[in-house]
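Some notes on the structure that comes next.
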Amino acid sequence: MDEASDEDLVRRVAQGDEPAFRLLARRYARRAISLARRITGNDADAEEIVQEALLRVWVNAPRWRPVAAFRTWFYRVVLNLCLSRGRRAPFLPLPAAGDPIDAAADLENRLHDEEVARLVAAAVAALPDRQRAAIVLTYEEGLSNAETAQILDTSISSVEALLVRAKRTLRDKLGSLAGLTEKPDETR
Amino acid sequence: MKLAEFRDIVDARGADLSTWPDHLRVPAESLLAAEPAARACLDEARRIDDVIARGLQASAVPVDLAAARVLARIARELPRQRRFAVPWPAALLDVDLAPSRWRLAGLAAVAALGIVLGLFGPDIGSRDGPMVIASASAESGLAAVFEPEPLTGVRP
């Protein structure tokens with residue numbers, strides 16, 4: 001069953017197959033929490049939202065129609081819950097702990113990378129909700145504009161407009177980093 | 001294609017021209033060949049894309065524990081599923097009943113055509129014009145019914 005497609009699993013879930021539902025949930029829980037965390041800026045909200053979204057999958061699976069990929073439907077549910085909840089206190093996400101410390105790593109490069117990560121995360125977190133969603137779905141989830149449009153329940157041209165506005169803001173805030181991303185020991 | 005338009009398209013569609021449709025990629029490639037400013041714009045866009053992608057990746061917080069908590073919570077008793085009262089054939093369930101622009105446009109066009117035909121279309125109800133009830137002769141017992149109304153002279 002681990003190799004079954006999402007759509008096959010949803011069909012089984014529609015029949016009340018609980019193991020199929022748990023497998024589907026395991027497949028998407030991490031990505032969904034990351035997405036929700038980026039949009040809401042809050043760990044507790046992200047967990048609640050993903051739990052609610054997964055339960056909605058279980059409850060509504062018998063009525064689900066395969067007019068779009070399951071991922072699109074599920075991300076739309078997660079995003080709608082995020083956007084309707086709004087954001088609570090702003091937060092500045094910390095960079096991940098990352099790989100185990102390599103004794104040979106250049107400390108200066110590592111500090112530089114962490115600073116870039118902090119600045120990028122803060123700049124994205126400061127965007128308006130739908131612009132932030134478009135950026136996260138494009139850059140972190142790697143989705144096309146077409147799929148992003150389906151998830152945001154809007155047109156492709158609206159997604160493009162969101163990306164244009166978001167990137168202009170990010171370019172203003174992060175443009176200097178484009179020149180600082182080169183590590184000291186790199187050559188052109 | 002002008003530089004400003006090229007910049008917008010790069011922001012909207014990304015800096016990888018291979019993903020652009022032909023009608024945008026071809027003029028963009030011509031512009032890149034002719035304009036150093038366009039090449040600088042594309043290079044800048046690629047750098048910003050790289051910064052954003054790497055920054056988001058590096059700032060991602062591990063969510064394994066959070067995912068485990070969520071999965072543990074939903075593993076408890078699940079609520080009842082929402083089913084149709086009548087089991088519909090699978091073919092009907094596959095029909096997309098969600099509104100679509102084309103279906104709505106078609107419906108609106110047909111409705112407009114119906115209104116226009118109703119208001120301005122040919123009157124096919126009668127060929128002979130309005131029906132007139134001939135008045136009965138005075139000798140007929142129906143005279144009282146069909147003679148002009150005394151006050152207004154209106155014939156039925």
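Identifiers in this document derive from the order of the structure tokens: chains are assigned A, B, ..., residues are numbered from 1 separately in each chain, and ligands are numbered from 1 in order of occurrence.
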
Using only C-alpha atoms, I'd like every residue of chain A that has an atom within 8 Å of chain B; please write them out as a ChimeraX atom specification.
/A:16,22,25-26,29-30,33-34,47-48,50-51,54-55,58-63,65-67,93-98,113-114,116-121,139-140,145,159-161,163-164,167,171,174-175,177-178,181

Let me see the file: selected residues, C-alpha atoms, as a PDB file, in the first residue's frame.
```pdb
ATOM      1  CA  GLY A  16     -13.556   3.981   5.474  1.00  0.00           C
ATOM      2  CA  ARG A  22      -2.963   7.130   8.177  1.00  0.00           C
ATOM      3  CA  ALA A  25      -1.543  11.584   6.557  1.00  0.00           C
ATOM      4  CA  ARG A  26       2.067  10.435   7.062  1.00  0.00           C
ATOM      5  CA  ALA A  29       1.900  15.908   7.506  1.00  0.00           C
ATOM      6  CA  ARG A  30       5.461  17.278   7.403  1.00  0.00           C
ATOM      7  CA  ILE A  33       3.092  21.709   8.744  1.00  0.00           C
ATOM      8  CA  SER A  34       6.019  23.467   7.042  1.00  0.00           C
ATOM      9  CA  GLU A  47      -0.190  21.921  14.038  1.00  0.00           C
ATOM     10  CA  GLU A  48      -3.842  22.666  14.743  1.00  0.00           C
ATOM     11  CA  VAL A  50      -2.874  20.495   9.709  1.00  0.00           C
ATOM     12  CA  GLN A  51      -4.750  18.297  12.182  1.00  0.00           C
ATOM     13  CA  LEU A  54      -6.400  15.940   7.789  1.00  0.00           C
ATOM     14  CA  LEU A  55      -9.632  15.305   9.678  1.00  0.00           C
ATOM     15  CA  TRP A  58     -11.194  11.787   6.417  1.00  0.00           C
ATOM     16  CA  VAL A  59     -14.704  13.191   6.842  1.00  0.00           C
ATOM     17  CA  ASN A  60     -15.133  14.392   3.250  1.00  0.00           C
ATOM     18  CA  ALA A  61     -13.280  11.667   1.349  1.00  0.00           C
ATOM     19  CA  PRO A  62     -16.521   9.922   0.302  1.00  0.00           C
ATOM     20  CA  ARG A  63     -17.555  13.122  -1.452  1.00  0.00           C
ATOM     21  CA  ARG A  65     -14.179  14.100  -6.795  1.00  0.00           C
ATOM     22  CA  PRO A  66     -10.875  13.721  -8.649  1.00  0.00           C
ATOM     23  CA  VAL A  67     -11.131  16.958 -10.626  1.00  0.00           C
ATOM     24  CA  PRO A  93      11.966  32.123  12.518  1.00  0.00           C
ATOM     25  CA  LEU A  94      15.349  30.861  13.536  1.00  0.00           C
ATOM     26  CA  PRO A  95      17.515  29.001  11.050  1.00  0.00           C
ATOM     27  CA  ALA A  96      17.445  25.232  11.332  1.00  0.00           C
ATOM     28  CA  ALA A  97      20.147  23.480  13.312  1.00  0.00           C
ATOM     29  CA  GLY A  98      21.330  22.049  10.018  1.00  0.00           C
ATOM     30  CA  ASP A 113      24.562  31.424   5.456  1.00  0.00           C
ATOM     31  CA  GLU A 114      22.680  31.671   8.747  1.00  0.00           C
ATOM     32  CA  VAL A 116      21.022  35.040   4.830  1.00  0.00           C
ATOM     33  CA  ALA A 117      18.517  32.464   6.028  1.00  0.00           C
ATOM     34  CA  ARG A 118      17.326  34.729   8.832  1.00  0.00           C
ATOM     35  CA  LEU A 119      16.945  37.737   6.548  1.00  0.00           C
ATOM     36  CA  VAL A 120      15.121  35.771   3.835  1.00  0.00           C
ATOM     37  CA  ALA A 121      12.744  34.175   6.324  1.00  0.00           C
ATOM     38  CA  TYR A 139      10.031  28.392  -3.966  1.00  0.00           C
ATOM     39  CA  GLU A 140       9.625  25.963  -1.103  1.00  0.00           C
ATOM     40  CA  ASN A 145       1.926  28.831 -11.290  1.00  0.00           C
ATOM     41  CA  VAL A 159      -0.745  34.302  -9.123  1.00  0.00           C
ATOM     42  CA  GLU A 160       1.663  36.001 -11.522  1.00  0.00           C
ATOM     43  CA  ALA A 161       0.599  39.387 -10.181  1.00  0.00           C
ATOM     44  CA  LEU A 163       4.643  36.929  -7.538  1.00  0.00           C
ATOM     45  CA  VAL A 164       5.566  40.160  -9.323  1.00  0.00           C
ATOM     46  CA  LYS A 167       9.506  39.703  -5.758  1.00  0.00           C
ATOM     47  CA  ARG A 171      14.337  42.440  -4.304  1.00  0.00           C
ATOM     48  CA  LEU A 174      17.335  41.253  -0.224  1.00  0.00           C
ATOM     49  CA  GLY A 175      18.956  42.725  -3.305  1.00  0.00           C
ATOM     50  CA  LEU A 177      22.386  39.702  -0.570  1.00  0.00           C
ATOM     51  CA  ALA A 178      22.557  38.782  -4.225  1.00  0.00           C
ATOM     52  CA  THR A 181      25.898  35.196  -1.478  1.00  0.00           C
TER      53      THR A 181
END
```

Residues at most 9 Å from Glu141 in chain A, counting only C-alpha atoms, excluding those fewer than 5 positions away in the same chain, as a PyMOL selection string?
chain A and resi 31+35+136

Between CA of Asp16 in chain B and CA of Leu31 in chain B lies a distance of 15.1 Å

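CA of Leu137 in chain A is positioned 26.8 Å from CA of Arg39 in chain B.
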